[in-house]
$ cat model01.txt   # compact mmCIF, C-alpha atoms
# COMPACT_ATOMS: atom_id res chain seq x y z
CA MET A 1458 0.00 0.00 0.00
CA GLY A 1459 1.38 3.40 -0.96
CA LYS A 1460 1.68 6.38 1.35
CA PRO A 1461 -1.02 9.09 1.30
CA PHE A 1462 -0.05 12.66 0.40
CA ILE A 1463 -2.05 15.85 0.08
CA PHE A 1464 -1.82 16.90 -3.56
CA GLY A 1465 -3.87 19.75 -5.05
CA GLY A 1466 -6.21 19.68 -2.06
CA SER A 1467 -6.90 15.95 -2.39
CA VAL A 1468 -5.41 12.90 -0.69
CA VAL A 1469 -3.58 10.72 -3.21
CA ILE A 1470 -1.72 7.44 -2.74
CA LEU A 1471 1.79 7.37 -4.18
CA ASP A 1472 2.89 3.80 -4.86
CA ASP A 1473 6.07 4.72 -6.72
CA THR A 1474 8.87 5.09 -4.15
CA ARG A 1475 10.87 7.56 -6.22
CA THR A 1476 7.87 9.86 -6.66
CA ARG A 1477 7.01 9.49 -2.97
CA ILE A 1478 10.52 10.67 -2.05
CA ILE A 1479 10.18 13.67 -4.37
CA PHE A 1480 6.86 14.70 -2.81
CA ALA A 1481 8.26 14.21 0.69
CA THR A 1482 11.29 16.35 -0.17
CA MET A 1483 9.15 19.25 -1.34
CA LYS A 1484 7.09 19.08 1.83
CA VAL A 1485 10.23 19.07 3.97
CA VAL A 1486 11.73 22.00 2.06
CA ARG A 1487 8.51 23.93 2.51
CA GLN A 1488 8.73 23.37 6.28
CA TYR A 1489 12.49 23.71 6.88
CA GLY A 1490 13.90 25.47 3.81
CA LEU A 1491 16.54 24.14 1.43
CA GLU A 1492 19.38 24.35 3.93
CA GLY A 1493 17.30 22.97 6.78
CA ALA A 1494 15.98 19.98 4.86
CA ARG A 1495 17.58 16.74 6.01
CA ILE A 1496 17.61 13.29 4.42
CA GLN A 1497 16.33 11.86 7.71
CA ASN A 1498 13.28 14.13 7.60
CA VAL A 1499 12.59 13.18 4.00
CA SER A 1500 12.98 9.46 4.58
CA ASN A 1501 10.73 9.59 7.64
CA LEU A 1502 7.99 11.33 5.68
CA ALA A 1503 8.40 9.04 2.69
CA GLY A 1504 8.20 5.99 4.95
CA ILE A 1505 11.58 4.51 4.04
CA SER A 1506 15.04 4.32 5.61
CA PRO A 1507 17.80 6.84 4.72
CA GLY A 1508 19.77 3.94 3.24
CA ALA A 1509 16.87 3.02 0.97
CA LEU A 1510 16.55 6.66 -0.13
CA TYR A 1511 20.19 6.69 -1.25
CA ARG A 1512 19.44 3.79 -3.58
CA TYR A 1513 17.29 6.21 -5.57
CA PHE A 1514 19.29 9.44 -5.19
CA GLU A 1515 23.04 9.70 -4.75
CA SER A 1516 23.00 12.94 -2.73
CA LYS A 1517 20.82 15.70 -1.40
CA ASP A 1518 21.85 17.92 -4.33
CA GLN A 1519 20.75 15.31 -6.84
CA LEU A 1520 17.47 14.89 -4.98
CA LEU A 1521 16.77 18.63 -5.08
CA ILE A 1522 17.58 18.77 -8.79
CA GLU A 1523 15.24 15.84 -9.46
CA CYS A 1524 12.48 17.58 -7.48
CA PHE A 1525 12.91 20.79 -9.45
CA THR A 1526 12.92 18.97 -12.79
CA TYR A 1527 9.86 16.93 -11.81
CA VAL A 1528 7.74 19.95 -10.94
CA ASP A 1529 9.15 22.09 -13.78
CA LYS A 1530 8.11 19.41 -16.29
CA ARG A 1531 4.66 19.19 -14.76
CA ALA A 1532 4.23 22.95 -15.07
CA ALA A 1533 5.56 22.98 -18.65
CA SER A 1534 3.19 20.17 -19.65
CA ILE A 1535 0.26 22.54 -19.07
CA PHE A 1536 1.13 24.21 -22.38
CA ASP A 1537 1.15 20.83 -24.14
CA HIS A 1538 -2.57 20.47 -23.47
CA LEU A 1539 -3.82 24.01 -24.04
CA LYS A 1540 -5.82 24.84 -27.14
CA PHE A 1541 -4.06 27.74 -28.83
CA GLU A 1542 -6.40 30.04 -30.79
CA PRO A 1543 -4.47 31.81 -33.60
CA GLN A 1544 -7.50 33.91 -34.56
CA MET A 1545 -7.95 35.14 -31.00
CA MET A 1546 -4.26 35.99 -30.92
CA LEU A 1547 -4.89 38.42 -33.77
CA THR A 1548 -8.15 39.92 -32.53
CA ASP A 1549 -7.55 39.89 -28.76
CA PRO A 1550 -3.84 39.23 -28.12
CA LEU A 1551 -3.93 39.99 -24.40
CA GLY A 1552 -6.98 37.75 -24.04
CA ALA A 1553 -5.10 34.97 -25.84
CA ILE A 1554 -2.11 35.43 -23.54
CA LYS A 1555 -4.37 35.31 -20.50
CA ASN A 1556 -5.95 32.05 -21.69
CA LEU A 1557 -2.45 30.54 -21.80
CA TRP A 1558 -1.22 32.14 -18.59
CA GLN A 1559 -4.25 31.43 -16.38
CA PRO A 1560 -3.87 27.61 -16.19
CA TYR A 1561 -0.16 28.06 -15.43
CA PHE A 1562 -0.88 30.43 -12.54
CA GLN A 1563 -3.66 28.20 -11.21
CA PHE A 1564 -1.37 25.15 -11.28
CA TRP A 1565 1.00 26.83 -8.83
CA VAL A 1566 -1.79 28.13 -6.61
CA LYS A 1567 -3.26 24.63 -6.34
CA HIS A 1568 0.08 22.99 -5.45
CA PRO A 1569 1.56 24.81 -2.44
CA ASP A 1570 4.43 22.40 -1.68
CA GLU A 1571 5.62 22.53 -5.28
CA THR A 1572 5.32 26.31 -5.42
CA ILE A 1573 7.30 26.99 -2.26
CA PHE A 1574 9.97 24.45 -3.21
CA TYR A 1575 10.27 25.75 -6.77
CA HIS A 1576 10.60 29.37 -5.68
CA ARG A 1577 13.20 28.56 -3.03
CA PHE A 1578 15.23 26.40 -5.39
CA ARG A 1579 15.28 29.08 -8.10
CA ASP A 1580 16.37 31.65 -5.53
CA SER A 1581 19.20 29.46 -4.22
CA ALA A 1582 22.90 30.03 -4.89
CA PHE A 1583 22.97 26.56 -6.44
CA PHE A 1584 20.44 27.30 -9.19
CA PRO A 1585 22.53 29.50 -11.56
CA ARG A 1586 25.16 26.76 -11.94
CA PHE A 1587 22.48 24.15 -12.55
CA ASP A 1588 20.56 26.42 -14.95
CA LYS A 1589 23.54 26.80 -17.30
CA CYS A 1590 23.59 23.11 -18.19
CA ARG A 1591 20.00 21.95 -17.76
CA ASP A 1592 17.87 20.72 -20.64
CA ALA A 1593 14.59 22.64 -20.70
CA SER A 1594 13.37 21.25 -24.02
CA TYR A 1595 10.16 20.20 -22.27
CA PHE A 1596 9.11 23.86 -22.63
CA ASN A 1597 8.98 23.44 -26.42
CA SER A 1598 5.20 23.89 -26.58
CA PHE A 1599 5.49 27.18 -24.75
CA ALA A 1600 8.40 28.23 -26.99
CA GLY A 1601 6.25 27.45 -30.04
CA MET A 1602 3.50 29.72 -28.76
CA VAL A 1603 6.03 32.51 -28.16
CA HIS A 1604 7.27 32.01 -31.74
CA ASP A 1605 3.72 32.41 -33.07
CA PHE A 1606 3.31 35.69 -31.19
CA LEU A 1607 6.63 36.97 -32.52
CA GLU A 1608 5.58 36.11 -36.06
CA ALA A 1609 2.24 37.90 -35.68
CA PHE A 1610 3.64 40.86 -33.75
CA PRO A 1611 7.21 41.63 -34.89
CA ASN A 1612 7.31 44.67 -32.58
CA LEU A 1613 7.74 42.21 -29.71
CA ARG A 1614 11.27 41.58 -30.98
CA GLN A 1615 12.20 45.03 -29.68
CA MET A 1616 12.09 43.47 -26.23
CA ASN A 1617 14.68 41.04 -24.86
CA GLN A 1618 12.75 37.79 -25.26
CA ASP A 1619 14.68 35.79 -22.67
CA LEU A 1620 14.14 38.51 -20.10
CA LEU A 1621 10.48 39.04 -21.01
CA TRP A 1622 9.35 35.44 -20.71
CA LEU A 1623 11.59 34.69 -17.75
CA HIS A 1624 9.92 37.63 -16.02
CA VAL A 1625 6.42 36.37 -16.85
CA LEU A 1626 7.01 32.74 -15.82
CA SER A 1627 9.12 33.31 -12.70
CA SER A 1628 6.98 36.22 -11.48
CA THR A 1629 3.88 34.06 -11.90
CA VAL A 1630 5.38 31.55 -9.46
CA MET A 1631 6.32 34.37 -7.08
CA TYR A 1632 2.78 35.73 -6.95
CA ALA A 1633 1.35 32.21 -6.60
CA LYS A 1634 3.68 31.76 -3.63
CA TYR A 1635 2.17 34.88 -2.05
CA VAL A 1636 -1.27 33.32 -2.53
CA VAL A 1637 -0.41 29.94 -0.99
CA GLU A 1638 1.32 31.71 1.91
CA GLY A 1639 -1.80 33.80 2.54
CA VAL A 1640 -0.14 37.11 1.71
CA LEU A 1641 -2.56 37.52 -1.21
CA THR A 1642 -6.18 36.37 -1.27
CA ASP A 1643 -6.98 33.45 -3.55
CA ASN A 1644 -9.71 35.01 -5.67
CA GLN A 1645 -10.44 36.32 -9.16
CA GLU A 1646 -9.46 39.87 -8.27
CA THR A 1647 -5.95 38.73 -7.30
CA GLU A 1648 -5.60 36.69 -10.48
CA ASP A 1649 -6.73 39.60 -12.67
CA THR A 1650 -4.44 42.06 -10.89
CA VAL A 1651 -1.40 39.76 -11.16
CA PHE A 1652 -2.04 39.34 -14.88
CA GLN A 1653 -2.31 43.10 -15.37
CA LEU A 1654 0.95 43.64 -13.49
CA LEU A 1655 2.78 41.03 -15.55
CA THR A 1656 1.53 42.32 -18.90
CA THR A 1657 1.74 46.07 -18.29
CA GLY A 1658 3.47 47.60 -21.28
CA LEU A 1659 2.91 44.63 -23.58
CA SER A 1660 -0.15 46.01 -25.39
CA GLY A 1661 1.95 48.62 -27.20
CA TYR A 1662 3.93 45.84 -28.87
CA LEU A 1663 0.91 43.68 -29.74
CA LYS A 1664 0.01 45.45 -32.98
CA LEU A 1665 -0.17 43.88 -36.42
CA GLU A 1666 2.55 45.05 -38.77
CA ASN A 1667 0.14 46.62 -41.26
CA CYS A 1668 -1.69 48.59 -38.55
$ encode --input "model01.txt" --output "structure tokens"
Amino acid sequence: MGKPFIFGGSVVILDDTRTRIIFATMKVVRQYGLEGARIQNVSNLAGISPGALYRYFESKDQLLIECFTYVDKRAASIFDHLKFEPQMMLTDPLGAIKNLWQPYFQFWVKHPDETIFYHRFRDSAFFPRFDKCRDASYFNSFAGMVHDFLEAFPNLRQMNQDLLWLHVLSSTVMYAKYVVEGVLTDNQETEDTVFQLLTTGLSGYLKLENC
């Protein structure tokens, strides 16, 4: 019998030991921080011995990297399943962006352990070294959508694309963290305000070339 975990507000049973360790790690990091997280805490929560944990992960650093990659892929997969509306992109570009952004924001709000872990890992001194060599090809669907917007609205190329989309994605997680921590209220007004903050200044670039 697997071990129960709270996931997205529901109790789920995780039978896969590796996944159970990942979920336990994110819970421990949320409680103790990255530096304060200990293998003993993780193994206790996962219901295995520290020795058994090391059969799946060589070190704490590898475990943290695996946790980040796991949740990053889950977040990126949201864009794999979204229906992209090219016509709406042309007639209501900000509305089209919001339709893509909203499920991403809601994913983080609904998964507090993942959100806190992800934000702390990205803010760590370890992350820049890891980021230089990581394979983020699982964001290809998102990159394809960005490409479509650039093709439709060439003025967007006046902005640094890496900086723009890094700002949108990482700031989305930051605001979701404020929601799950209770700093911001989890309601439609918060969601609308966060979107407005993240897209302020974009509308001037979202004009068709012949306009």
$ closest_residue --input "model01.txt" --among "A:Asp1570, A:Asp1549, A:Glu1542, A:Asp1649" --to "A:Val1528" --atoms "all atoms listed in the file"
A:Asp1570
$ residues_around --input "model01.txt" --residues "A:Gly1601" --least-positions-apart "5" --cutoff "12 Å" --atoms "only C-alpha atoms" --output "MDAnalysis selection string"
chainID A and resid 1536:1537 1541 1594:1596 1606:1608
$ atom_distance --input "model01.txt" --atom1 "atom CA of A:Leu1520" --atom2 "atom CA of A:Ile1479"
7.4 Å
$ closest_atom_pairs --input "model01.txt" --of "stretch 1497-1575 of chain A" --to "stretch 1624-1629 of chain A" --cutoff "12 Å" --atoms "only C-alpha atoms" --output "Markdown table"
| residue | atom | partner | partner_atom | distance |
| --- | --- | --- | --- | --- |
| A:Asp1529 | CA | A:Leu1626 | CA | 11.1 |
| A:Ala1532 | CA | A:Leu1626 | CA | 10.2 |
| A:Ala1533 | CA | A:Leu1626 | CA | 10.3 |
| A:Ile1554 | CA | A:Val1625 | CA | 10.9 |
| A:Lys1555 | CA | A:Val1625 | CA | 11.4 |
| A:Leu1557 | CA | A:Leu1626 | CA | 11.4 |
| A:Trp1558 | CA | A:Thr1629 | CA | 8.6 |
| A:Gln1559 | CA | A:Thr1629 | CA | 9.6 |
| A:Pro1560 | CA | A:Thr1629 | CA | 11.0 |
| A:Tyr1561 | CA | A:Thr1629 | CA | 8.0 |
| A:Phe1562 | CA | A:Thr1629 | CA | 6.0 |
| A:Gln1563 | CA | A:Thr1629 | CA | 9.6 |
| A:Phe1564 | CA | A:Thr1629 | CA | 10.4 |
| A:Trp1565 | CA | A:Thr1629 | CA | 8.4 |
| A:Val1566 | CA | A:Thr1629 | CA | 9.8 |
| A:Thr1572 | CA | A:Thr1629 | CA | 10.2 |
| A:Tyr1575 | CA | A:Ser1627 | CA | 9.7 |
$ write_last_selection --input "model01.txt" --atoms "C-alpha atoms" --output "mmCIF file, in the frame of the given file"
data_model
loop_
_atom_site.group_PDB
_atom_site.id
_atom_site.type_symbol
_atom_site.label_atom_id
_atom_site.label_comp_id
_atom_site.auth_asym_id
_atom_site.auth_seq_id
_atom_site.Cartn_x
_atom_site.Cartn_y
_atom_site.Cartn_z
ATOM 1 C CA ASP A 1529 9.150 22.090 -13.780
ATOM 2 C CA ALA A 1532 4.230 22.950 -15.070
ATOM 3 C CA ALA A 1533 5.560 22.980 -18.650
ATOM 4 C CA ILE A 1554 -2.110 35.430 -23.540
ATOM 5 C CA LYS A 1555 -4.370 35.310 -20.500
ATOM 6 C CA LEU A 1557 -2.450 30.540 -21.800
ATOM 7 C CA TRP A 1558 -1.220 32.140 -18.590
ATOM 8 C CA GLN A 1559 -4.250 31.430 -16.380
ATOM 9 C CA PRO A 1560 -3.870 27.610 -16.190
ATOM 10 C CA TYR A 1561 -0.160 28.060 -15.430
ATOM 11 C CA PHE A 1562 -0.880 30.430 -12.540
ATOM 12 C CA GLN A 1563 -3.660 28.200 -11.210
ATOM 13 C CA PHE A 1564 -1.370 25.150 -11.280
ATOM 14 C CA TRP A 1565 1.000 26.830 -8.830
ATOM 15 C CA VAL A 1566 -1.790 28.130 -6.610
ATOM 16 C CA THR A 1572 5.320 26.310 -5.420
ATOM 17 C CA TYR A 1575 10.270 25.750 -6.770
#
$ residues_near_point --input "model01.txt" --point "(-0.5, 35.6, -29.2)" --cutoff "12 Å" --atoms "only C-alpha atoms" --output "CSV table (one decimal) with C-alpha atoms, keeping the file's coordinate frame"
chain,number,residue,atom,x,y,z
A,1541,PHE,CA,-4.1,27.7,-28.8
A,1542,GLU,CA,-6.4,30.0,-30.8
A,1543,PRO,CA,-4.5,31.8,-33.6
A,1544,GLN,CA,-7.5,33.9,-34.6
A,1545,MET,CA,-8.0,35.1,-31.0
A,1546,MET,CA,-4.3,36.0,-30.9
A,1547,LEU,CA,-4.9,38.4,-33.8
A,1548,THR,CA,-8.2,39.9,-32.5
A,1549,ASP,CA,-7.6,39.9,-28.8
A,1550,PRO,CA,-3.8,39.2,-28.1
A,1551,LEU,CA,-3.9,40.0,-24.4
A,1552,GLY,CA,-7.0,37.8,-24.0
A,1553,ALA,CA,-5.1,35.0,-25.8
A,1554,ILE,CA,-2.1,35.4,-23.5
A,1555,LYS,CA,-4.4,35.3,-20.5
A,1556,ASN,CA,-6.0,32.0,-21.7
A,1557,LEU,CA,-2.4,30.5,-21.8
A,1558,TRP,CA,-1.2,32.1,-18.6
A,1599,PHE,CA,5.5,27.2,-24.8
A,1600,ALA,CA,8.4,28.2,-27.0
A,1601,GLY,CA,6.2,27.4,-30.0
A,1602,MET,CA,3.5,29.7,-28.8
A,1603,VAL,CA,6.0,32.5,-28.2
A,1604,HIS,CA,7.3,32.0,-31.7
A,1605,ASP,CA,3.7,32.4,-33.1
A,1606,PHE,CA,3.3,35.7,-31.2
A,1607,LEU,CA,6.6,37.0,-32.5
A,1608,GLU,CA,5.6,36.1,-36.1
A,1609,ALA,CA,2.2,37.9,-35.7
A,1610,PHE,CA,3.6,40.9,-33.8
A,1611,PRO,CA,7.2,41.6,-34.9
A,1613,LEU,CA,7.7,42.2,-29.7
A,1659,LEU,CA,2.9,44.6,-23.6
A,1660,SER,CA,-0.2,46.0,-25.4
A,1662,TYR,CA,3.9,45.8,-28.9
A,1663,LEU,CA,0.9,43.7,-29.7
A,1664,LYS,CA,0.0,45.4,-33.0
A,1665,LEU,CA,-0.2,43.9,-36.4
$ residues_around --input "model01.txt" --residues "A:Phe1584" --least-positions-apart "2" --cutoff "12 Å" --atoms "only C-alpha atoms" --output "list in words"
Leu1491, Asp1518, Leu1521, Ile1522, Phe1525, Thr1526, Tyr1575, His1576, Arg1577, Phe1578, Arg1579, Asp1580, Ser1581, Ala1582, Arg1586, Phe1587, Asp1588, Lys1589, Cys1590 and Arg1591 of chain A
$ residues_around --input "model01.txt" --residues "A:Gln1497" --least-positions-apart "6" --cutoff "10 Å" --atoms "all atoms listed in the file" --output "list in words"
Ala1503, Ile1505, Ser1506, Pro1507, Gly1508 and Leu1510 of chain A
$ closest_residue --input "model01.txt" --among "A:Lys1530, A:Lys1517, A:Lys1634, A:Lys1567" --to "A:Glu1492" --atoms "only C-alpha atoms"
A:Lys1517
$ atom_distance --input "model01.txt" --atom1 "atom CA of A:Asn1498" --atom2 "atom CA of A:Arg1477"
13.1 Å
$ atom_distance --input "model01.txt" --atom1 "atom CA of A:Val1499" --atom2 "atom CA of A:Phe1514"
12.0 Å
$ closest_residue --input "model01.txt" --among "A:Thr1650, A:Ser1534, A:Asn1617, A:Thr1642" --to "A:Asn1597" --atoms "all atoms listed in the file"
A:Ser1534
$ closest_residue --input "model01.txt" --among "A:Phe1583, A:Gly1661, A:Leu1539, A:Val1637" --to "A:Met1616" --atoms "all atoms listed in the file"
A:Gly1661
$ closest_residue --input "model01.txt" --among "A:Trp1622, A:Tyr1635, A:Phe1574, A:Tyr1511" --to "A:Val1485" --atoms "all atoms listed in the file"
A:Phe1574
$ closest_residue --input "model01.txt" --among "A:Ile1478, A:Pro1569, A:Asn1612, A:Tyr1489" --to "A:Cys1524" --atoms "only C-alpha atoms"
A:Ile1478
